[in-house]
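Visitor: Please see the structure below; I have some questions.
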Amino acid sequence: MKAYEWARERTGLDQIWTALMERKIPEARGWVGLLYTLGSATMMIFTVQAVTGFLLATNYVPSPDHAYDSVRYIDSQVLFGRVVRGLHHWGATFMVVFAVLHMMRVYFMGSYKYPREATWMAGVGLLLLVLGFSFTGYLLPWDQKAYWATVVGTTIAGTTPFVGAMIADILRGSDGMGPRP
Amino acid sequence: MSGPDGCGCAGKGCTEKTPEEIGRRAFLTRTIVALSAVITAALSTTGLGYFVSPAFQRRDEDWVDLGRAGDFKAGAPRLVEFTQRKRDAWVTSERRSAAWVVTSDGKTFTAFDPRCTHLGCPYRWDAGSSRFICPCHTAVFGPDGKVLSGPAPRPLDQYQTKLEGSRLAILPKAEQIT
Ligand code: HEM
Ligand code: FES
């Protein structure tokens with residue numbers, strides 16, 4: 001407890017606790033109150049993604065000739081590798097789901113209105129980041145699904161008027177898929 | 001404390017609480033903290049195990065076959081070159097290396113790392129004097145690997161050997177003999 005008191009006086013622990021656990025919400029009856037937890041749920045998943053992502057990165061190799069094998073290695077040989085990969089896989093899916101649900105709650109409750117327009121705009125930026133991570137992460141295992149998703153995704157980007165070809169080249173890092181033969 | 005937040009009962013207003021009773025808010029807080037602790041513990045154990053597992057990995061013993069034991073003649077050390085295949089995760093790599101194999105009776109075998117213990121030059125066997133001689137700074141070793149003269153700080157490093165039936169195998173990991 002002494003250590004806690006020491007840290008409490010010197011850091012913002014109390015404020016963090018208050019901000020996270022004692023946030024005031026409008027009076028809500030029954031299950032409606034739960035809707036206010038969707039943002040925190042998204043944040044919780046984000047934490048899990050950051051930690052498991054870091055762990056996966058200690059074994060994953062981001063190159064076309066090792067990506068697939070290193071993912072199989074994580075799955076089949078690393079201790080808890082399947083669990084860590086599974087958490088990250090499902091976390092990625094549910095982070096999108098929860099971010100969107102959270103945004104819907106903000107929208108339908110009108111929480112984006114004055115004085116929270118800037119919060120809404122920040123939220124839009126975060127949602128785009130989430131979708132970006134979700135797509136790029138999907139490509140990393142470099143299996144068939146990832147390969148063809150990359151083909152489709154970069155081709156869609158390539159249909160942008162005028163600069164499309166350039167954008168596609170930048171995204172692919174080359175004028176084709178994978179290492180040049 | 002009184003009022004809806006501190007009240008342990010539902011519906012028809014509040015009753016006084018005895019000291020052991022906890023309110024709804026405190027109960028929920030404790031439950032959330034406890035559940036979070038359990039989840040955090042489960043996730044951190046998993047993550048920590050994953051992270052530190054390389055330190056506790058079982059490593060393959062990479063024994064290398066050097067051919068028939070009978071081909072090694074007493075008193076005639078021979079440099080055997082071999083290619084070692086190693087698997088690490090999904091990568092198989094080949095390493096070419098060599099060993100000096102010595103036997104005095106054709107039954108027990110010693111294998112030396114082919115690098116001089118002074119600064120790593122490849123030494124050779126001098127049949128005339130029955131010694132290993134290093135060309136770099138004239139270190140001289142006996143057939144048992146002991147330093148006879150020169151700047152080498154310790155005897156020749158050895159590889160573990162074993163007989164598999166009639167064949168000789170070594171574990172090409174240099175072990176210092178002091
Ligand atoms: C990375 C994804 C996101 C995380 C981690 C996150 C986190 C949070 C958290 C913890 C809250 C507290 C209130 C609550 O949970 O309802 C919150 C509020 C809010 N979020 Fe998000 N959010 C994310 C994405 C978004 C998106 C996509 C939008 C909308 C475009 C958005 C708009 C808002 C707004 C307007 C509030 C204030 C709501 C209020 O005060 O009632 N957020 N966010
Ligand atoms: S390296 Fe052999 S004597 Fe110096």
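All residue names refer to the structure tokens as shown: chains lettered A, B, ... in order, residues numbered from 1 in each chain, ligands numbered from 1 in order.
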Show me which bits of chain B are within 8 Å of chain A, counting only C-alpha atoms, as a list in words.

Guide: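 Matching residues, ligands excluded from the count: Thr46, Gly47, Gly49, Tyr50, Phe51, Ser53, Ala89 and Trp90 of chain B.
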
Visitor: Please write the residues from the selection above to a file, keeping N, CA and C atoms, as a compact mmCIF listing (two decimals), in the first residue's frame.

Guide:
```
# COMPACT_ATOMS: atom_id res chain seq x y z
N THR B 46 0.08 -16.73 -20.70
CA THR B 46 0.22 -17.17 -22.09
C THR B 46 1.32 -16.39 -22.81
N GLY B 47 1.23 -15.06 -22.72
CA GLY B 47 2.19 -14.22 -23.42
C GLY B 47 3.60 -14.42 -22.92
N GLY B 49 4.84 -17.08 -21.41
CA GLY B 49 5.33 -18.39 -21.84
C GLY B 49 5.81 -18.36 -23.28
N TYR B 50 5.01 -17.75 -24.13
CA TYR B 50 5.36 -17.61 -25.55
C TYR B 50 6.68 -16.87 -25.68
N PHE B 51 6.82 -15.78 -24.91
CA PHE B 51 7.97 -14.90 -25.08
C PHE B 51 9.27 -15.56 -24.60
N SER B 53 9.83 -18.83 -24.20
CA SER B 53 9.99 -20.25 -24.55
C SER B 53 11.30 -20.59 -25.25
N ALA B 89 13.78 -23.65 -36.65
CA ALA B 89 12.43 -23.24 -37.05
C ALA B 89 12.14 -23.79 -38.45
N TRP B 90 11.86 -22.94 -39.44
CA TRP B 90 11.49 -23.44 -40.75
C TRP B 90 12.67 -23.40 -41.73
```

Visitor: Would you mind listing the residues within 7 Å of ligand 2, counting only C-alpha atoms and all ligand atoms, as a PyMOL selection string?

Guide: chain B and resi 116-121+123+134-139+150-152

Visitor: Kindly export the residues of the current selection with N, CA, C and O atoms, as a PDB file, in the first residue's frame.

Guide:
```pdb
ATOM      1  N   CYS B 116      42.991 -23.850 -34.468  1.00  0.00           N
ATOM      2  CA  CYS B 116      43.990 -23.698 -33.418  1.00  0.00           C
ATOM      3  C   CYS B 116      43.404 -22.898 -32.264  1.00  0.00           C
ATOM      4  O   CYS B 116      42.663 -21.935 -32.481  1.00  0.00           O
ATOM      5  N   THR B 117      43.718 -23.296 -31.018  1.00  0.00           N
ATOM      6  CA  THR B 117      43.154 -22.576 -29.872  1.00  0.00           C
ATOM      7  C   THR B 117      43.850 -21.242 -29.641  1.00  0.00           C
ATOM      8  O   THR B 117      43.439 -20.480 -28.776  1.00  0.00           O
ATOM      9  N   HIS B 118      44.910 -20.960 -30.422  1.00  0.00           N
ATOM     10  CA  HIS B 118      45.523 -19.645 -30.254  1.00  0.00           C
ATOM     11  C   HIS B 118      44.637 -18.587 -30.898  1.00  0.00           C
ATOM     12  O   HIS B 118      43.902 -17.904 -30.198  1.00  0.00           O
ATOM     13  N   LEU B 119      44.664 -18.496 -32.233  1.00  0.00           N
ATOM     14  CA  LEU B 119      43.823 -17.478 -32.870  1.00  0.00           C
ATOM     15  C   LEU B 119      42.990 -18.050 -34.012  1.00  0.00           C
ATOM     16  O   LEU B 119      42.522 -17.308 -34.861  1.00  0.00           O
ATOM     17  N   GLY B 120      42.855 -19.374 -34.048  1.00  0.00           N
ATOM     18  CA  GLY B 120      41.873 -19.939 -34.964  1.00  0.00           C
ATOM     19  C   GLY B 120      42.379 -20.410 -36.313  1.00  0.00           C
ATOM     20  O   GLY B 120      41.574 -20.736 -37.184  1.00  0.00           O
ATOM     21  N   CYS B 121      43.681 -20.472 -36.537  1.00  0.00           N
ATOM     22  CA  CYS B 121      44.172 -20.971 -37.829  1.00  0.00           C
ATOM     23  C   CYS B 121      43.938 -22.477 -37.943  1.00  0.00           C
ATOM     24  O   CYS B 121      43.862 -23.172 -36.932  1.00  0.00           O
ATOM     25  N   TYR B 123      45.281 -25.930 -38.283  1.00  0.00           N
ATOM     26  CA  TYR B 123      46.599 -26.567 -38.100  1.00  0.00           C
ATOM     27  C   TYR B 123      46.654 -27.834 -38.932  1.00  0.00           C
ATOM     28  O   TYR B 123      45.655 -28.254 -39.515  1.00  0.00           O
ATOM     29  N   CYS B 134      50.720 -25.667 -36.021  1.00  0.00           N
ATOM     30  CA  CYS B 134      49.954 -24.550 -36.582  1.00  0.00           C
ATOM     31  C   CYS B 134      50.901 -23.640 -37.355  1.00  0.00           C
ATOM     32  O   CYS B 134      51.909 -23.197 -36.817  1.00  0.00           O
ATOM     33  N   PRO B 135      50.570 -23.334 -38.600  1.00  0.00           N
ATOM     34  CA  PRO B 135      51.462 -22.531 -39.428  1.00  0.00           C
ATOM     35  C   PRO B 135      51.480 -21.048 -39.048  1.00  0.00           C
ATOM     36  O   PRO B 135      52.396 -20.334 -39.423  1.00  0.00           O
ATOM     37  N   CYS B 136      50.475 -20.624 -38.298  1.00  0.00           N
ATOM     38  CA  CYS B 136      50.365 -19.172 -38.084  1.00  0.00           C
ATOM     39  C   CYS B 136      51.400 -18.640 -37.099  1.00  0.00           C
ATOM     40  O   CYS B 136      52.143 -17.718 -37.403  1.00  0.00           O
ATOM     41  N   HIS B 137      51.426 -19.215 -35.880  1.00  0.00           N
ATOM     42  CA  HIS B 137      52.389 -18.702 -34.900  1.00  0.00           C
ATOM     43  C   HIS B 137      53.058 -19.873 -34.202  1.00  0.00           C
ATOM     44  O   HIS B 137      53.389 -19.799 -33.026  1.00  0.00           O
ATOM     45  N   THR B 138      53.229 -20.968 -34.958  1.00  0.00           N
ATOM     46  CA  THR B 138      54.002 -22.146 -34.535  1.00  0.00           C
ATOM     47  C   THR B 138      53.541 -22.796 -33.238  1.00  0.00           C
ATOM     48  O   THR B 138      54.360 -23.294 -32.471  1.00  0.00           O
ATOM     49  N   ALA B 139      52.251 -22.821 -32.965  1.00  0.00           N
ATOM     50  CA  ALA B 139      51.781 -23.621 -31.843  1.00  0.00           C
ATOM     51  C   ALA B 139      51.931 -25.099 -32.217  1.00  0.00           C
ATOM     52  O   ALA B 139      51.725 -25.474 -33.377  1.00  0.00           O
ATOM     53  N   GLY B 150      54.660 -23.156 -28.020  1.00  0.00           N
ATOM     54  CA  GLY B 150      54.003 -22.095 -28.763  1.00  0.00           C
ATOM     55  C   GLY B 150      52.971 -21.355 -27.936  1.00  0.00           C
ATOM     56  O   GLY B 150      52.815 -21.614 -26.740  1.00  0.00           O
ATOM     57  N   PRO B 151      52.257 -20.431 -28.581  1.00  0.00           N
ATOM     58  CA  PRO B 151      51.414 -19.478 -27.857  1.00  0.00           C
ATOM     59  C   PRO B 151      50.004 -19.977 -27.519  1.00  0.00           C
ATOM     60  O   PRO B 151      49.238 -19.229 -26.917  1.00  0.00           O
ATOM     61  N   ALA B 152      49.641 -21.188 -27.893  1.00  0.00           N
ATOM     62  CA  ALA B 152      48.256 -21.630 -27.658  1.00  0.00           C
ATOM     63  C   ALA B 152      47.965 -21.672 -26.163  1.00  0.00           C
ATOM     64  O   ALA B 152      48.734 -22.229 -25.394  1.00  0.00           O
TER      65      ALA B 152
END
```

Visitor: Would you name the residues within 10 Å of ligand 1, counting only C-alpha atoms and all ligand atoms, and put them as number ranges by chain?

Guide: A: 19-20, 23-26, 33-47, 95-96, 98-107, 109-131

Visitor: Okay, now the selection with C-alpha atoms, as a short mmCIF file (atom, residue, chain, number, x, y, z; two decimals), in the first residue's frame?

Guide:
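The new file part_5.cif reads:
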```
data_model
loop_
_atom_site.label_atom_id
_atom_site.label_comp_id
_atom_site.auth_asym_id
_atom_site.auth_seq_id
_atom_site.Cartn_x
_atom_site.Cartn_y
_atom_site.Cartn_z
CA ALA A 19 -11.57 8.45 -16.26
CA LEU A 20 -11.82 4.74 -16.95
CA ARG A 23 -16.92 8.09 -15.99
CA LYS A 24 -20.26 9.79 -15.63
CA ILE A 25 -22.84 8.73 -18.16
CA PRO A 26 -26.39 9.92 -18.62
CA GLY A 33 -26.08 1.31 -19.76
CA LEU A 34 -24.05 -1.48 -21.32
CA LEU A 35 -23.91 0.42 -24.59
CA TYR A 36 -21.53 2.84 -22.88
CA THR A 37 -18.98 0.06 -22.49
CA LEU A 38 -18.49 -0.46 -26.22
CA GLY A 39 -15.69 2.12 -26.46
CA SER A 40 -13.87 0.57 -23.51
CA ALA A 41 -14.33 -2.87 -25.05
CA THR A 42 -12.70 -1.58 -28.24
CA MET A 43 -9.84 -0.16 -26.22
CA MET A 44 -9.43 -3.43 -24.31
CA ILE A 45 -9.19 -5.37 -27.56
CA PHE A 46 -6.70 -2.83 -28.81
CA THR A 47 -4.47 -3.54 -25.79
CA MET A 95 -11.98 -4.84 -32.95
CA VAL A 96 -13.70 -3.81 -36.18
CA PHE A 98 -16.77 -3.26 -31.60
CA ALA A 99 -15.44 -0.02 -33.09
CA VAL A 100 -18.40 0.02 -35.49
CA LEU A 101 -20.90 -0.86 -32.73
CA HIS A 102 -19.39 1.87 -30.58
CA MET A 103 -19.72 4.35 -33.43
CA MET A 104 -23.36 3.34 -33.93
CA ARG A 105 -24.08 3.95 -30.27
CA VAL A 106 -22.47 7.39 -30.51
CA TYR A 107 -24.48 8.09 -33.65
CA MET A 109 -27.61 8.52 -29.13
CA GLY A 110 -26.54 11.75 -30.77
CA SER A 111 -23.39 11.84 -28.64
CA TYR A 112 -21.45 13.40 -31.51
CA LYS A 113 -23.30 16.71 -31.15
CA TYR A 114 -21.92 19.88 -29.62
CA PRO A 115 -19.52 19.99 -27.87
CA ARG A 116 -18.23 16.62 -29.10
CA GLU A 117 -17.72 17.21 -32.82
CA ALA A 118 -13.95 16.96 -32.46
CA THR A 119 -14.30 13.68 -30.57
CA TRP A 120 -16.38 12.36 -33.46
CA MET A 121 -13.74 13.43 -35.97
CA ALA A 122 -11.01 11.78 -33.92
CA GLY A 123 -13.22 8.68 -33.88
CA VAL A 124 -13.52 8.66 -37.65
CA GLY A 125 -9.71 8.83 -37.89
CA LEU A 126 -9.39 5.93 -35.44
CA LEU A 127 -11.95 3.87 -37.34
CA LEU A 128 -9.99 4.35 -40.58
CA LEU A 129 -6.84 3.27 -38.74
CA VAL A 130 -8.63 0.17 -37.45
CA LEU A 131 -9.82 -0.73 -40.95
#
```

Visitor: Could you write out, as a PyMOL selection string, all the residues of region 16-167 of chain B that DSSP marks as alpha helix (DSSP H)?

Guide: chain B and resi 24-52

Visitor: Could you write out that same residue set with N, CA, C and O atoms as a CSV table (one decimal), in the first residue's frame?

Guide:
```
chain,number,residue,atom,x,y,z
B,24,ARG,N,-23.9,-2.0,-3.6
B,24,ARG,CA,-23.9,-2.5,-5.0
B,24,ARG,C,-22.7,-2.0,-5.8
B,24,ARG,O,-22.0,-2.8,-6.5
B,25,ARG,N,-22.4,-0.7,-5.6
B,25,ARG,CA,-21.3,-0.1,-6.3
B,25,ARG,C,-19.9,-0.8,-6.0
B,25,ARG,O,-19.2,-1.2,-6.8
B,26,ALA,N,-19.7,-1.0,-4.6
B,26,ALA,CA,-18.5,-1.6,-4.2
B,26,ALA,C,-18.4,-3.0,-4.7
B,26,ALA,O,-17.4,-3.5,-5.1
B,27,PHE,N,-19.6,-3.7,-4.6
B,27,PHE,CA,-19.6,-5.1,-5.1
B,27,PHE,C,-19.2,-5.2,-6.5
B,27,PHE,O,-18.4,-6.0,-6.9
B,28,LEU,N,-19.8,-4.4,-7.3
B,28,LEU,CA,-19.5,-4.4,-8.8
B,28,LEU,C,-18.1,-4.1,-9.0
B,28,LEU,O,-17.4,-4.7,-9.8
B,29,THR,N,-17.6,-3.1,-8.3
B,29,THR,CA,-16.2,-2.7,-8.5
B,29,THR,C,-15.3,-3.9,-8.2
B,29,THR,O,-14.4,-4.2,-9.0
B,30,ARG,N,-15.5,-4.5,-7.0
B,30,ARG,CA,-14.7,-5.6,-6.7
B,30,ARG,C,-14.8,-6.8,-7.7
B,30,ARG,O,-13.8,-7.4,-8.0
B,31,THR,N,-16.0,-7.0,-8.1
B,31,THR,CA,-16.1,-8.1,-9.1
B,31,THR,C,-15.4,-7.8,-10.4
B,31,THR,O,-14.6,-8.6,-10.9
B,32,ILE,N,-15.5,-6.5,-10.8
B,32,ILE,CA,-14.8,-6.1,-12.1
B,32,ILE,C,-13.3,-6.3,-11.9
B,32,ILE,O,-12.6,-6.8,-12.7
B,33,VAL,N,-12.8,-5.8,-10.7
B,33,VAL,CA,-11.3,-5.8,-10.5
B,33,VAL,C,-10.9,-7.3,-10.4
B,33,VAL,O,-9.9,-7.7,-11.0
B,34,ALA,N,-11.7,-8.1,-9.8
B,34,ALA,CA,-11.3,-9.6,-9.7
B,34,ALA,C,-11.3,-10.2,-11.0
B,34,ALA,O,-10.3,-10.9,-11.4
B,35,LEU,N,-12.3,-10.0,-11.8
B,35,LEU,CA,-12.4,-10.6,-13.1
B,35,LEU,C,-11.2,-10.1,-14.0
B,35,LEU,O,-10.6,-10.9,-14.7
B,36,SER,N,-11.0,-8.8,-13.9
B,36,SER,CA,-9.9,-8.3,-14.7
B,36,SER,C,-8.5,-8.9,-14.3
B,36,SER,O,-7.7,-9.2,-15.2
B,37,ALA,N,-8.4,-9.1,-13.0
B,37,ALA,CA,-7.1,-9.8,-12.5
B,37,ALA,C,-7.0,-11.2,-13.1
B,37,ALA,O,-5.9,-11.6,-13.6
B,38,VAL,N,-8.1,-11.9,-13.1
B,38,VAL,CA,-8.1,-13.3,-13.7
B,38,VAL,C,-7.7,-13.3,-15.2
B,38,VAL,O,-6.9,-14.0,-15.6
B,39,ILE,N,-8.4,-12.4,-15.9
B,39,ILE,CA,-8.2,-12.3,-17.3
B,39,ILE,C,-6.7,-11.9,-17.6
B,39,ILE,O,-6.0,-12.5,-18.4
B,40,THR,N,-6.3,-10.9,-16.8
B,40,THR,CA,-4.9,-10.4,-17.0
B,40,THR,C,-3.9,-11.5,-16.7
B,40,THR,O,-2.9,-11.7,-17.5
B,41,ALA,N,-4.2,-12.2,-15.6
B,41,ALA,CA,-3.3,-13.3,-15.3
B,41,ALA,C,-3.2,-14.4,-16.4
B,41,ALA,O,-2.1,-14.8,-16.8
B,42,ALA,N,-4.4,-14.8,-16.9
B,42,ALA,CA,-4.4,-15.8,-18.0
B,42,ALA,C,-3.7,-15.3,-19.2
B,42,ALA,O,-2.8,-16.0,-19.8
B,43,LEU,N,-4.0,-14.1,-19.6
B,43,LEU,CA,-3.3,-13.6,-20.8
B,43,LEU,C,-1.8,-13.4,-20.6
B,43,LEU,O,-1.0,-13.7,-21.5
B,44,SER,N,-1.4,-12.9,-19.4
B,44,SER,CA,0.0,-12.7,-19.3
B,44,SER,C,0.8,-14.0,-19.2
B,44,SER,O,1.9,-14.1,-19.6
B,45,THR,N,0.2,-15.0,-18.5
B,45,THR,CA,0.9,-16.3,-18.5
B,45,THR,C,1.1,-16.8,-19.9
B,45,THR,O,2.2,-17.2,-20.2
B,46,THR,N,0.1,-16.7,-20.7
B,46,THR,CA,0.2,-17.2,-22.1
B,46,THR,C,1.3,-16.4,-22.8
B,46,THR,O,2.2,-17.0,-23.4
B,47,GLY,N,1.2,-15.1,-22.7
B,47,GLY,CA,2.2,-14.2,-23.4
B,47,GLY,C,3.6,-14.4,-22.9
B,47,GLY,O,4.5,-14.5,-23.7
B,48,LEU,N,3.7,-14.5,-21.6
B,48,LEU,CA,5.1,-14.7,-21.0
B,48,LEU,C,5.7,-16.0,-21.5
B,48,LEU,O,6.8,-16.1,-21.8
B,49,GLY,N,4.8,-17.1,-21.4
B,49,GLY,CA,5.3,-18.4,-21.8
B,49,GLY,C,5.8,-18.4,-23.3
B,49,GLY,O,6.9,-18.8,-23.6
B,50,TYR,N,5.0,-17.7,-24.1
B,50,TYR,CA,5.4,-17.6,-25.5
B,50,TYR,C,6.7,-16.9,-25.7
B,50,TYR,O,7.6,-17.3,-26.4
B,51,PHE,N,6.8,-15.8,-24.9
B,51,PHE,CA,8.0,-14.9,-25.1
B,51,PHE,C,9.3,-15.6,-24.6
B,51,PHE,O,10.3,-15.4,-25.2
B,52,VAL,N,9.2,-16.3,-23.5
B,52,VAL,CA,10.5,-16.8,-22.9
B,52,VAL,C,10.8,-18.2,-23.4
B,52,VAL,O,11.8,-18.8,-23.1
```

Visitor: What is the CA of Trp17 (chain A) to CA of Met1 (chain A) distance in Å?

Guide: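 Going from CA of Trp17 (chain A) over to CA of Met1 (chain A) covers 16.3 Å.
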
Visitor: Can you list, as a PDB file with C-alpha atoms, in the first residue's frame, all residues belonging to region 29-132 of chain B that DSSP tags as strand (DSSP E)?

Guide:
```pdb
ATOM      1  CA  VAL B  64      27.183 -36.166 -37.720  1.00  0.00           C
ATOM      2  CA  ASP B  65      28.185 -39.486 -39.209  1.00  0.00           C
ATOM      3  CA  LEU B  66      31.872 -39.631 -40.134  1.00  0.00           C
ATOM      4  CA  GLY B  67      31.927 -43.059 -41.769  1.00  0.00           C
ATOM      5  CA  ARG B  68      33.166 -46.470 -40.703  1.00  0.00           C
ATOM      6  CA  ARG B  78      42.867 -37.788 -40.401  1.00  0.00           C
ATOM      7  CA  LEU B  79      41.050 -34.579 -41.271  1.00  0.00           C
ATOM      8  CA  VAL B  80      37.459 -35.424 -42.096  1.00  0.00           C
ATOM      9  CA  GLU B  81      35.318 -32.865 -43.859  1.00  0.00           C
ATOM     10  CA  PHE B  82      31.595 -33.070 -43.380  1.00  0.00           C
ATOM     11  CA  THR B  83      28.442 -31.170 -44.179  1.00  0.00           C
ATOM     12  CA  GLN B  84      26.061 -30.578 -41.368  1.00  0.00           C
ATOM     13  CA  ARG B  85      22.378 -29.966 -41.927  1.00  0.00           C
ATOM     14  CA  LYS B  86      20.724 -27.958 -39.223  1.00  0.00           C
ATOM     15  CA  ARG B  87      17.075 -27.177 -38.808  1.00  0.00           C
ATOM     16  CA  ASP B  88      16.146 -24.018 -36.980  1.00  0.00           C
ATOM     17  CA  VAL B  91      14.984 -22.905 -42.112  1.00  0.00           C
ATOM     18  CA  THR B  92      17.344 -25.742 -42.947  1.00  0.00           C
ATOM     19  CA  SER B  93      20.893 -24.611 -43.377  1.00  0.00           C
ATOM     20  CA  GLU B  94      24.042 -26.456 -44.336  1.00  0.00           C
ATOM     21  CA  ARG B  95      27.354 -25.839 -42.719  1.00  0.00           C
ATOM     22  CA  ARG B  96      30.604 -27.291 -43.989  1.00  0.00           C
ATOM     23  CA  SER B  97      33.145 -28.053 -41.373  1.00  0.00           C
ATOM     24  CA  ALA B  98      35.845 -30.549 -40.486  1.00  0.00           C
ATOM     25  CA  ALA B  99      37.321 -32.533 -37.605  1.00  0.00           C
ATOM     26  CA  TRP B 100      40.653 -34.136 -36.905  1.00  0.00           C
ATOM     27  CA  VAL B 101      39.980 -37.716 -35.815  1.00  0.00           C
ATOM     28  CA  VAL B 102      42.626 -39.452 -33.736  1.00  0.00           C
ATOM     29  CA  THR B 103      42.712 -42.999 -32.414  1.00  0.00           C
ATOM     30  CA  PHE B 109      38.310 -41.996 -30.841  1.00  0.00           C
ATOM     31  CA  THR B 110      39.001 -38.360 -30.206  1.00  0.00           C
ATOM     32  CA  ALA B 111      37.803 -35.607 -32.535  1.00  0.00           C
ATOM     33  CA  PHE B 112      39.407 -32.159 -32.501  1.00  0.00           C
ATOM     34  CA  ARG B 124      47.977 -29.695 -39.791  1.00  0.00           C
ATOM     35  CA  TRP B 125      49.360 -33.060 -38.810  1.00  0.00           C
ATOM     36  CA  ASP B 126      53.078 -33.514 -39.166  1.00  0.00           C
ATOM     37  CA  ARG B 131      52.493 -33.617 -33.854  1.00  0.00           C
ATOM     38  CA  PHE B 132      49.917 -31.064 -34.858  1.00  0.00           C
TER      39      PHE B 132
END
```

Visitor: Using only C-alpha atoms, find the one residue out of A:Asp143, A:Glu5, A:Glu27, A:Asp14 that sits nearest to Ala67 (chain A).

Guide: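 When distances to Ala67 (chain A) are compared using only C-alpha atoms, the smallest one comes from A:Asp143.
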
Visitor: In Å to one decimal, how far is CA of Gln158 (chain B) from CA of Glu175 (chain B)?

Guide: 5.2 Å

Visitor: Check the smallest atom-to-atom distance from each of A:Ala157, A:Ala50, A:Val32, A:Ile167 to Gly91 (chain A) using only C-alpha atoms, then report the winner.

Guide: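 Result for the nearest residue to Gly91 (chain A): A:Ala50.
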
Visitor: Taking 2 positions as the minimum chain separation for residues in the same chain, which residues sit within 7 Å of Gly75 (chain B) when counting only C-alpha atoms? Answer as a list in words.

Guide: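 What passes the distance filter is Lys73, Pro77, Thr103 and Ser104 of chain B.
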
Visitor: Create the file for the chosen residues now, containing N, CA and C atoms and written as a PDB file, in the first residue's frame.

Guide:
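To be explicit, this is the file written out as selection-v3.pdb:
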```pdb
ATOM      1  N   LYS B  73      42.885 -45.177 -38.772  1.00  0.00           N
ATOM      2  CA  LYS B  73      44.015 -46.021 -38.376  1.00  0.00           C
ATOM      3  C   LYS B  73      44.749 -45.402 -37.197  1.00  0.00           C
ATOM      4  N   PRO B  77      46.261 -39.582 -37.608  1.00  0.00           N
ATOM      5  CA  PRO B  77      45.114 -38.677 -37.531  1.00  0.00           C
ATOM      6  C   PRO B  77      44.672 -38.244 -38.916  1.00  0.00           C
ATOM      7  N   THR B 103      42.927 -41.806 -33.223  1.00  0.00           N
ATOM      8  CA  THR B 103      42.712 -42.999 -32.414  1.00  0.00           C
ATOM      9  C   THR B 103      44.058 -43.659 -32.164  1.00  0.00           C
ATOM     10  N   SER B 104      44.186 -44.189 -30.954  1.00  0.00           N
ATOM     11  CA  SER B 104      45.460 -44.843 -30.662  1.00  0.00           C
ATOM     12  C   SER B 104      45.309 -46.363 -30.718  1.00  0.00           C
TER      13      SER B 104
END
```
